[in-house]
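Printed here is entry29.cif (mmCIF, C-alpha atoms):
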```cif
data_final
loop_
_atom_site.label_atom_id
_atom_site.label_comp_id
_atom_site.auth_asym_id
_atom_site.auth_seq_id
_atom_site.Cartn_x
_atom_site.Cartn_y
_atom_site.Cartn_z
CA MET A 212 -17.66 20.87 13.19
CA PRO A 213 -14.27 20.45 11.44
CA ASN A 214 -12.84 18.97 14.64
CA GLU A 215 -15.78 16.57 14.91
CA LEU A 216 -15.24 15.60 11.28
CA LYS A 217 -11.55 15.01 11.87
CA GLN A 218 -12.37 12.78 14.83
CA LYS A 219 -14.74 10.74 12.65
CA PHE A 220 -11.87 10.12 10.25
CA LEU A 221 -9.54 9.14 13.07
CA ASP A 222 -11.96 6.66 14.64
CA LYS A 223 -13.27 5.54 11.23
CA SER A 224 -16.89 6.23 12.06
CA ALA A 225 -17.28 8.48 9.02
CA LYS A 226 -19.35 7.53 5.99
CA VAL A 227 -17.51 7.92 2.69
CA ALA A 228 -18.68 7.89 -0.92
CA VAL A 229 -16.41 6.97 -3.81
CA ILE A 230 -17.82 8.11 -7.15
CA GLY A 231 -16.59 6.11 -10.13
CA LEU A 232 -15.79 2.44 -9.51
CA GLY A 233 -13.15 1.83 -12.16
CA TYR A 234 -9.42 1.06 -11.95
CA VAL A 235 -8.95 3.95 -9.51
CA GLY A 236 -12.22 4.15 -7.59
CA LEU A 237 -12.81 0.49 -6.78
CA PRO A 238 -9.38 -0.13 -5.16
CA LEU A 239 -9.80 3.12 -3.23
CA ALA A 240 -13.26 2.11 -2.01
CA VAL A 241 -11.92 -1.32 -1.00
CA GLU A 242 -9.06 0.20 1.01
CA LEU A 243 -11.48 2.53 2.84
CA ALA A 244 -13.92 -0.28 3.59
CA SER A 245 -11.13 -2.65 4.67
CA VAL A 246 -10.10 -0.39 7.55
CA GLY A 247 -13.68 0.00 8.78
CA PHE A 248 -15.29 2.95 7.00
CA GLN A 249 -18.83 2.56 5.70
CA VAL A 250 -18.35 3.17 2.00
CA TYR A 251 -20.90 3.89 -0.71
CA GLY A 252 -19.49 3.03 -4.12
CA VAL A 253 -21.40 5.12 -6.64
CA ASP A 254 -21.29 4.40 -10.36
CA ILE A 255 -23.61 5.14 -13.28
CA SER A 256 -23.12 1.60 -14.59
CA GLN A 257 -25.84 -0.70 -13.30
CA ALA A 258 -23.89 -3.66 -14.69
CA LYS A 259 -20.83 -2.84 -12.55
CA VAL A 260 -22.95 -2.35 -9.45
CA GLU A 261 -24.74 -5.68 -9.96
CA GLN A 262 -21.46 -7.47 -10.57
CA LEU A 263 -20.07 -6.15 -7.29
CA LYS A 264 -23.25 -7.02 -5.39
CA ASN A 265 -22.89 -10.56 -6.69
CA GLY A 266 -19.35 -10.74 -5.30
CA HIS A 267 -17.44 -10.38 -8.56
CA SER A 268 -14.68 -7.89 -9.35
CA TYR A 269 -13.98 -6.52 -12.83
CA VAL A 270 -10.72 -4.84 -11.75
CA ILE A 271 -7.64 -7.05 -11.95
CA ASP A 272 -6.10 -5.66 -8.73
CA VAL A 273 -9.19 -6.45 -6.62
CA PRO A 274 -9.86 -10.18 -6.03
CA ASP A 275 -13.41 -11.55 -5.91
CA ASP A 276 -12.97 -12.83 -2.36
CA VAL A 277 -12.17 -9.31 -1.13
CA ILE A 278 -15.38 -8.02 -2.71
CA ARG A 279 -17.40 -10.84 -1.12
CA GLN A 280 -15.94 -10.01 2.31
CA LEU A 281 -16.87 -6.33 2.08
CA VAL A 282 -20.03 -5.93 0.00
CA ASN A 283 -23.18 -5.32 2.04
CA LYS A 284 -21.07 -5.13 5.19
CA LYS A 285 -18.79 -2.14 4.70
CA LEU A 286 -19.02 -1.52 0.94
CA PHE A 287 -22.36 -0.66 -0.63
CA PRO A 288 -22.36 -0.33 -4.43
CA THR A 289 -25.15 1.82 -5.88
CA THR A 290 -26.22 3.97 -8.81
CA ASP A 291 -28.18 6.28 -6.49
CA PHE A 292 -26.44 9.62 -6.00
CA SER A 293 -28.82 10.58 -3.20
CA VAL A 294 -26.53 8.71 -0.76
CA LEU A 295 -24.24 11.76 -1.01
CA LYS A 296 -26.47 13.68 1.39
CA ASP A 297 -25.63 11.21 4.17
CA VAL A 298 -21.82 11.05 3.89
CA ASP A 299 -18.94 12.89 5.55
CA ALA A 300 -16.49 12.64 2.64
CA ILE A 301 -16.58 12.10 -1.12
CA SER A 302 -13.78 10.96 -3.43
CA ILE A 303 -14.34 11.56 -7.14
CA CYS A 304 -12.62 9.03 -9.44
CA VAL A 305 -14.37 9.49 -12.78
CA PRO A 306 -12.74 9.26 -16.24
CA THR A 307 -11.26 12.32 -17.94
CA PRO A 308 -10.68 11.26 -21.56
CA LEU A 309 -9.79 13.39 -24.59
CA ASN A 310 -12.37 14.21 -27.22
CA LYS A 311 -11.84 13.71 -30.97
CA THR A 312 -9.88 16.97 -31.26
CA LYS A 313 -7.56 15.89 -28.39
CA ASP A 314 -9.02 18.47 -26.02
CA PRO A 315 -9.86 17.55 -22.40
CA ASP A 316 -13.30 16.10 -21.79
CA VAL A 317 -14.28 17.01 -18.22
CA SER A 318 -17.95 16.21 -18.74
CA TYR A 319 -17.81 13.36 -16.19
CA ILE A 320 -16.52 15.76 -13.54
CA THR A 321 -19.18 18.38 -14.33
CA ALA A 322 -21.86 15.68 -14.19
CA VAL A 323 -20.68 14.72 -10.69
CA VAL A 324 -20.63 18.38 -9.62
CA ASP A 325 -24.27 18.64 -10.74
CA GLU A 326 -25.05 15.83 -8.30
CA LEU A 327 -23.02 17.56 -5.57
CA VAL A 328 -25.04 20.73 -6.10
CA ARG A 329 -28.17 18.65 -5.67
CA TYR A 330 -27.22 16.52 -2.66
CA LEU A 331 -24.11 17.85 -0.88
CA THR A 332 -24.53 18.88 2.77
CA PRO A 333 -22.28 21.24 4.76
CA ASN A 334 -19.21 19.93 6.61
CA THR A 335 -18.28 17.41 3.94
CA VAL A 336 -14.81 16.75 2.52
CA VAL A 337 -14.68 16.51 -1.29
CA ILE A 338 -11.53 15.09 -2.90
CA LEU A 339 -11.06 14.98 -6.67
CA GLU A 340 -8.72 12.21 -7.92
CA SER A 341 -9.40 12.34 -11.67
CA THR A 342 -6.47 13.53 -13.79
CA THR A 343 -7.11 17.00 -15.13
CA TYR A 344 -5.60 20.40 -15.94
CA PRO A 345 -4.33 22.83 -13.26
CA GLY A 346 -7.22 24.89 -11.92
CA THR A 347 -9.97 22.29 -12.38
CA THR A 348 -10.66 21.67 -8.69
CA GLU A 349 -11.08 25.36 -8.00
CA GLU A 350 -12.93 26.27 -11.20
CA LEU A 351 -15.28 23.30 -11.62
CA ILE A 352 -15.89 22.28 -8.01
CA ALA A 353 -15.09 25.00 -5.44
CA ASN A 354 -16.39 27.95 -7.45
CA VAL A 355 -19.51 26.10 -8.60
CA LEU A 356 -20.45 24.94 -5.10
CA GLU A 357 -19.94 28.45 -3.73
CA GLU A 358 -21.96 30.03 -6.55
CA LYS A 359 -24.85 27.55 -6.59
CA ARG A 360 -25.03 26.45 -2.96
CA GLY A 361 -23.23 29.22 -1.09
CA PHE A 362 -20.71 26.72 0.31
CA LYS A 363 -17.46 28.52 1.10
CA PRO A 364 -14.34 26.31 0.81
CA GLY A 365 -12.61 25.87 4.15
CA GLU A 366 -15.71 26.84 6.11
CA ASP A 367 -18.76 24.99 4.77
CA VAL A 368 -17.07 22.34 2.61
CA PHE A 369 -13.48 21.14 2.45
CA ILE A 370 -12.17 20.59 -1.05
CA CYS A 371 -8.90 18.87 -2.06
CA TYR A 372 -7.18 17.37 -5.06
CA SER A 373 -5.20 14.14 -4.76
CA PRO A 374 -4.07 12.67 -8.10
CA GLU A 375 -4.46 8.94 -8.55
CA ARG A 376 -1.27 6.94 -8.98
CA VAL A 377 -2.69 3.57 -9.94
CA ASP A 378 -0.46 1.19 -11.87
CA PRO A 379 -2.70 -1.77 -12.84
CA GLY A 380 -1.06 -5.13 -12.29
CA ASN A 381 1.75 -3.75 -10.11
CA LYS A 382 2.30 -6.30 -7.32
CA ARG A 383 4.66 -4.09 -5.32
CA TYR A 384 2.94 -0.70 -5.29
CA THR A 385 -0.79 -0.61 -4.61
CA THR A 386 -3.26 2.07 -3.59
CA LYS A 387 -2.30 1.56 0.05
CA ASN A 388 1.49 1.91 -0.13
CA THR A 389 1.99 4.30 -3.07
CA PRO A 390 2.83 7.80 -1.74
CA LYS A 391 -0.20 10.08 -2.23
CA VAL A 392 0.07 13.77 -3.11
CA MET A 393 -2.66 16.11 -1.83
CA GLY A 394 -3.40 19.82 -2.07
CA GLY A 395 -6.32 21.76 -0.59
CA ILE A 396 -8.21 24.89 -1.58
CA THR A 397 -7.45 26.19 1.94
CA PRO A 398 -5.18 24.97 4.76
CA ARG A 399 -8.23 23.67 6.65
CA CYS A 400 -9.33 21.75 3.54
CA LEU A 401 -5.90 20.14 3.32
CA GLU A 402 -5.86 19.32 7.04
CA LEU A 403 -9.15 17.41 6.81
CA GLY A 404 -8.31 15.72 3.51
CA LEU A 405 -5.04 14.46 4.99
CA ALA A 406 -6.83 13.27 8.13
CA LEU A 407 -9.12 11.09 6.02
CA TYR A 408 -6.48 9.62 3.74
CA ARG A 409 -3.94 9.07 6.51
CA SER A 410 -6.43 6.73 8.15
CA PHE A 411 -5.96 4.13 5.40
CA LEU A 412 -2.91 5.09 3.29
CA GLU A 413 0.72 4.69 4.35
CA HIS A 414 2.33 7.89 3.09
CA LEU A 415 0.84 11.31 2.26
CA VAL A 416 2.68 14.14 0.50
CA PRO A 417 1.00 17.50 1.19
CA VAL A 418 1.52 20.39 -1.24
CA SER A 419 0.57 24.04 -1.08
CA SER A 420 -2.46 24.10 -3.40
CA THR A 421 -4.77 22.03 -5.58
CA SER A 422 -3.11 23.50 -8.70
CA VAL A 423 0.28 22.21 -7.56
CA ALA A 424 -1.20 18.74 -6.95
CA GLU A 425 -2.88 18.81 -10.38
CA MET A 426 0.41 19.79 -12.03
CA VAL A 427 2.27 17.00 -10.19
CA LYS A 428 0.21 14.36 -11.95
CA LEU A 429 0.73 15.95 -15.35
CA LEU A 430 4.49 16.23 -14.78
CA GLU A 431 4.76 12.56 -13.81
CA ASN A 432 3.13 11.32 -16.98
CA THR A 433 4.59 13.96 -19.30
CA PHE A 434 8.02 12.87 -18.07
CA ARG A 435 7.25 9.31 -19.09
CA SER A 436 5.70 10.29 -22.42
CA VAL A 437 8.66 12.44 -23.46
CA ASN A 438 11.26 9.86 -22.44
CA ILE A 439 9.41 7.02 -24.15
CA ALA A 440 9.25 9.17 -27.27
CA LEU A 441 13.00 9.78 -27.02
CA VAL A 442 13.82 6.08 -26.91
CA ASN A 443 11.27 5.33 -29.65
CA GLU A 444 12.94 7.91 -31.88
CA LEU A 445 16.34 6.46 -30.97
CA THR A 446 14.96 3.09 -32.07
CA LEU A 447 14.29 4.48 -35.55
CA VAL A 448 17.84 5.82 -35.74
CA CYS A 449 19.38 2.54 -34.56
CA ASP A 450 17.25 0.62 -37.06
CA ARG A 451 18.65 2.65 -39.96
CA ARG A 452 22.19 2.36 -38.64
CA GLY A 453 21.93 -1.38 -37.96
CA VAL A 454 22.52 -1.01 -34.22
CA ASN A 455 20.66 -3.08 -31.60
CA VAL A 456 18.81 -0.49 -29.51
CA TRP A 457 18.17 -3.00 -26.70
CA GLU A 458 21.90 -3.59 -26.31
CA VAL A 459 22.45 0.17 -26.24
CA ILE A 460 19.87 0.65 -23.46
CA GLU A 461 21.23 -2.30 -21.46
CA ALA A 462 24.77 -0.89 -21.58
CA ALA A 463 23.65 2.67 -20.78
CA SER A 464 21.71 1.33 -17.77
CA THR A 465 24.98 0.31 -16.09
CA LYS A 466 25.65 4.00 -15.35
CA PRO A 467 24.83 4.38 -11.63
CA PHE A 468 23.82 8.04 -11.85
CA GLY A 469 22.23 10.47 -14.30
CA PHE A 470 20.42 7.83 -16.38
CA MET A 471 17.05 6.10 -16.17
CA PRO A 472 16.22 3.37 -18.70
CA PHE A 473 13.14 3.62 -20.90
CA TYR A 474 12.27 1.04 -23.52
CA PRO A 475 10.88 1.18 -27.06
CA GLY A 476 7.50 -0.21 -27.98
CA PRO A 477 4.63 -0.03 -30.48
CA GLY A 478 3.36 3.18 -28.88
CA ILE A 479 1.91 4.20 -25.53
CA GLY A 480 -1.30 3.05 -23.86
CA GLY A 481 -3.28 3.01 -20.67
CA HIS A 482 -5.32 5.62 -18.90
CA CYS A 483 -2.53 8.15 -18.24
CA ILE A 484 0.47 8.55 -20.51
CA PRO A 485 -1.34 8.99 -23.86
CA LEU A 486 -3.84 11.49 -22.39
CA ASP A 487 -2.46 13.45 -19.45
CA PRO A 488 0.25 15.47 -21.26
CA MET A 489 -2.42 16.81 -23.61
CA TYR A 490 -4.26 18.29 -20.61
CA LEU A 491 -1.14 20.31 -19.81
CA SER A 492 -0.59 21.31 -23.43
CA TRP A 493 -4.23 22.39 -23.80
CA LYS A 494 -4.15 24.51 -20.64
CA ALA A 495 -0.81 26.10 -21.54
CA LYS A 496 -2.23 27.44 -24.81
CA MET A 497 -4.60 29.61 -22.78
CA PHE A 498 -1.50 31.47 -21.61
CA ASP A 499 0.00 31.69 -25.13
CA PHE A 500 2.48 28.97 -24.29
CA TYR A 501 3.04 25.99 -26.57
CA ASN A 502 4.51 22.77 -25.19
CA ARG A 503 6.60 21.65 -28.14
CA PHE A 504 8.12 18.71 -26.26
CA ILE A 505 4.65 17.35 -25.48
CA GLU A 506 3.35 17.74 -29.03
CA LEU A 507 6.49 16.15 -30.50
CA ALA A 508 6.36 13.25 -28.04
CA GLN A 509 2.72 12.60 -28.90
CA ASP A 510 3.60 12.61 -32.60
CA VAL A 511 6.53 10.19 -32.21
CA ASN A 512 4.65 7.78 -29.95
CA GLY A 513 1.46 8.00 -31.98
CA ASN A 514 3.28 6.92 -35.14
CA MET A 515 4.98 3.86 -33.65
CA PRO A 516 2.17 1.48 -34.73
CA ARG A 517 2.90 2.50 -38.32
CA TYR A 518 6.58 1.77 -37.74
CA VAL A 519 5.55 -1.71 -36.52
CA LEU A 520 3.50 -2.12 -39.70
CA GLN A 521 6.50 -1.12 -41.79
CA GLN A 522 8.71 -3.64 -39.96
CA ILE A 523 6.11 -6.37 -40.53
CA GLY A 524 6.02 -5.52 -44.23
CA ASP A 525 9.82 -5.61 -44.49
CA ILE A 526 10.09 -8.99 -42.72
CA LEU A 527 7.40 -10.56 -44.91
CA ASN A 528 8.94 -9.02 -48.02
CA GLU A 529 12.24 -10.78 -47.26
CA ARG A 530 10.30 -14.03 -47.48
CA GLU A 531 8.59 -12.99 -50.69
CA LYS A 532 5.23 -12.47 -48.98
CA ALA A 533 2.83 -9.56 -48.89
CA ILE A 534 0.95 -8.35 -45.81
CA LYS A 535 -2.29 -9.00 -47.69
CA SER A 536 -3.58 -12.53 -47.00
CA SER A 537 -0.69 -13.34 -44.64
CA ASN A 538 -1.58 -15.05 -41.36
CA ILE A 539 -0.31 -12.73 -38.63
CA LEU A 540 -0.60 -13.61 -34.95
CA LEU A 541 -0.35 -10.83 -32.37
CA ILE A 542 0.70 -11.91 -28.88
CA GLY A 543 -0.64 -9.47 -26.31
CA LEU A 544 -3.45 -6.98 -26.90
CA ALA A 545 -3.54 -5.04 -23.61
CA TYR A 546 -1.35 -1.97 -23.32
CA LYS A 547 1.10 -3.78 -21.02
CA LYS A 548 1.75 -7.27 -19.64
CA ASP A 549 -0.41 -9.00 -17.05
CA VAL A 550 -3.42 -6.63 -17.27
CA ASP A 551 -6.75 -6.70 -19.08
CA ASP A 552 -6.72 -2.96 -19.86
CA LEU A 553 -7.25 -2.09 -23.53
CA ARG A 554 -7.52 1.66 -23.08
CA GLU A 555 -5.42 3.43 -25.73
CA SER A 556 -3.52 0.19 -26.38
CA PRO A 557 -1.26 0.59 -29.45
CA ALA A 558 -1.83 -3.10 -30.20
CA LEU A 559 -5.38 -2.21 -31.23
CA GLU A 560 -3.99 0.25 -33.77
CA VAL A 561 -1.56 -2.39 -35.07
CA TYR A 562 -4.48 -4.82 -35.41
CA LYS A 563 -6.49 -2.21 -37.32
CA LEU A 564 -3.61 -1.30 -39.67
CA LEU A 565 -2.97 -4.95 -40.50
CA ASP A 566 -6.66 -5.56 -41.12
CA LEU A 567 -6.82 -2.56 -43.47
CA LYS A 568 -3.88 -4.02 -45.40
CA GLY A 569 -5.80 -7.25 -45.89
CA ALA A 570 -3.90 -9.47 -43.44
CA LYS A 571 -5.58 -12.40 -41.70
CA VAL A 572 -5.02 -11.20 -38.15
CA SER A 573 -5.53 -13.18 -34.96
CA TYR A 574 -4.35 -12.53 -31.42
CA HIS A 575 -3.58 -14.29 -28.18
CA ASP A 576 -3.95 -12.63 -24.78
CA PRO A 577 -5.02 -14.64 -21.72
CA TYR A 578 -6.10 -11.43 -19.98
CA VAL A 579 -8.27 -10.25 -22.89
CA PRO A 580 -10.53 -13.14 -23.99
CA HIS A 581 -12.32 -10.96 -26.55
CA PHE A 582 -12.75 -7.41 -27.81
CA THR A 583 -15.04 -5.60 -30.22
CA TYR A 584 -13.72 -4.47 -33.59
CA GLU A 585 -15.85 -2.85 -36.30
CA GLY A 586 -19.00 -4.17 -34.64
CA SER A 587 -17.73 -7.76 -34.40
CA VAL A 588 -16.51 -9.66 -31.34
CA ILE A 589 -12.96 -10.96 -31.89
CA HIS A 590 -11.83 -13.80 -29.61
CA SER A 591 -8.36 -14.66 -28.38
CA VAL A 592 -6.95 -17.84 -29.93
CA ASP A 593 -5.04 -20.61 -28.17
CA LEU A 594 -1.28 -20.37 -28.34
CA SER A 595 -0.68 -23.89 -29.63
CA PRO A 596 2.21 -25.30 -31.71
CA GLU A 597 -0.24 -25.75 -34.59
CA ARG A 598 -1.34 -22.11 -34.38
CA LEU A 599 2.26 -20.94 -34.38
CA GLN A 600 3.08 -23.14 -37.33
CA GLU A 601 0.15 -21.74 -39.34
CA ALA A 602 1.27 -18.14 -38.78
CA ASP A 603 3.40 -16.42 -41.41
CA LEU A 604 4.53 -13.99 -38.72
CA VAL A 605 4.20 -13.73 -34.94
CA VAL A 606 4.36 -10.20 -33.49
#
```
Would you give me this structure, written as structure tokens?
Amino acid sequence: MPNELKQKFLDKSAKVAVIGLGYVGLPLAVELASVGFQVYGVDISQAKVEQLKNGHSYVIDVPDDVIRQLVNKKLFPTTDFSVLKDVDAISICVPTPLNKTKDPDVSYITAVVDELVRYLTPNTVVILESTTYPGTTEELIANVLEEKRGFKPGEDVFICYSPERVDPGNKRYTTKNTPKVMGGITPRCLELGLALYRSFLEHLVPVSSTSVAEMVKLLENTFRSVNIALVNELTLVCDRRGVNVWEVIEAASTKPFGFMPFYPGPGIGGHCIPLDPMYLSWKAKMFDFYNRFIELAQDVNGNMPRYVLQQIGDILNEREKAIKSSNILLIGLAYKKDVDDLRESPALEVYKLLDLKGAKVSYHDPYVPHFTYEGSVIHSVDLSPERLQEADLVV
């Protein structure tokens, strides 16, 4: 049966389910469908499913015309998990946020595993893509399926972990051409997982286990978090010393070896960098190990919105104005340029802090026409000369 399954992946006759049709899952489902696989896109959101069925994409990297070409031909969006009993492979791309105490929330993964227990059939490849702590694939998927269904990894089902590497809005690196790391519970699991993903992705990077693959993702984003924190802290030092930190970074970047530029900002946002390092820190505590770099980086980056507030106050004070009642215009609300992603955006925290200080805050972001704040819908304003003239400060 494994050889028959591998052949299905090679000739693209396999049926594949992608669970979770967000920033990761929808582009993955589109790539699979584009090369000829019959793909079931499964999501608990009826609104997302209906939007896709009507030919509209809600993910910035997936154009509407691509959805219209694929839906009801090769891509079948649904909220019905029973389709899992008819597929040869399943990719799980559900969210893994942090809860209020900054501990990992893997409830979306466990909810999917409950559906796998209910519908999964033997000789199916299961690949987890959601960012999580080392050991998750084995503990929450492999062990549960073996305990509740008697499915032995590498014999009855083939379980892998392949961390997503989606960078929303990146025009150069997409799902298709970004190198993809993959580890399997067993060598046979890895062999079949690679066979599936090699049929539609350009470059695969196999590793020795799912735990290694899980750690790879956490290292990538912890690296970024720590280095962003370093340059943010350097920004505070340069500010006190009266040195232009941007000039410092530009000059340091001329070194052709041993240096990689990172840039200061109002904090960190998106679906990875603010969250993923905390998965590693949380897991490490189970082994009586405390990641001081991670905790310090989170503290530095998390306090940057308050530094922005302080800078706003200082600038207004020089003009004999208070933050209270000042007209302040924020340009850009998403966590980075050219995307509509508000997840963990530090601009939201800046907006909140200014509102609490009594400022009259407005914002402009062509990618974010509106957002909800304190139960009210706040709309983006036009960036007109009159609007700029009315503002006491533009941030």
**Request:** Identify which of the residues A:Asp549, A:Ile526, A:Pro580, A:Ala406 lies closest to Leu604 of chain A, counting all atoms listed in the file when measuring atom-to-atom distances.
**Result:**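 Among the listed residues, the smallest separation from Leu604 of chain A belongs to A:Ile526.
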If you count all atoms listed in the file, which residues fall within 7 Å of Thr386 of chain A, apart from same-chain ones fewer than 3 positions away, as a PDB file with C-alpha atoms, in the frame of the given file?
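Generated output (result.pdb):
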```
ATOM      1  CA  PRO A 238      -9.380  -0.130  -5.160  1.00  0.00           C
ATOM      2  CA  LEU A 239      -9.800   3.120  -3.230  1.00  0.00           C
ATOM      3  CA  VAL A 377      -2.690   3.570  -9.940  1.00  0.00           C
ATOM      4  CA  THR A 389       1.990   4.300  -3.070  1.00  0.00           C
TER       5      THR A 389
END
```
**Message:** Suppose a student applies the PyMOL selection byres ((chain A and resi 281) around 12) to this structure; what residues should they get, written as a ChimeraX atom specification?
**Reply:** /A:237,240-252,263-268,273-280,282-288
**Asked** Counting only C-alpha atoms, which of A:Lys548, A:Lys313, A:Arg329, A:Lys296 gets nearest to Pro485 of chain A?
**Response**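 Nearest candidate to Pro485 of chain A out of A:Lys548, A:Lys313, A:Arg329, A:Lys296: A:Lys313.
Interatomic distance, atom CA of Pro315 of chain A to atom CA of Ala495 of chain A: 12.5 Å.
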**Prompt:** Leaving out Gly365 of chain A and any residue of its chain fewer than 2 positions from it, which residues lie within 8 Å of it when counting all atoms listed in the file, given as a PyMOL selection string?
**Reply:** chain A and resi 363+367-370+396-400
Restrict the selected residues to C-alpha atoms and save them as a JSON list (two decimals), in the frame of the given file.
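Once written, part-v9.json looks like this:
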```
[["chain", "number", "residue", "atom", "x", "y", "z"],
["A", 363, "LYS", "CA", -17.46, 28.52, 1.10],
["A", 367, "ASP", "CA", -18.76, 24.99, 4.77],
["A", 368, "VAL", "CA", -17.07, 22.34, 2.61],
["A", 369, "PHE", "CA", -13.48, 21.14, 2.45],
["A", 370, "ILE", "CA", -12.17, 20.59, -1.05],
["A", 396, "ILE", "CA", -8.21, 24.89, -1.58],
["A", 397, "THR", "CA", -7.45, 26.19, 1.94],
["A", 398, "PRO", "CA", -5.18, 24.97, 4.76],
["A", 399, "ARG", "CA", -8.23, 23.67, 6.65],
["A", 400, "CYS", "CA", -9.33, 21.75, 3.54]]
```
**Item:** Using all atoms listed in the file: which of A:Leu447, A:Gly476, A:Gln521, A:Asp314 has the shortest distance to Ser556 of chain A
**Value:**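 Of all the options, A:Gly476 lies closest to Ser556 of chain A.
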**Asked** Using only C-alpha atoms, which of the listed residues (A:Ile523, A:Phe470, A:Glu531, A:Thr342) sits closest to Val317 of chain A?
**Response** A:Thr342
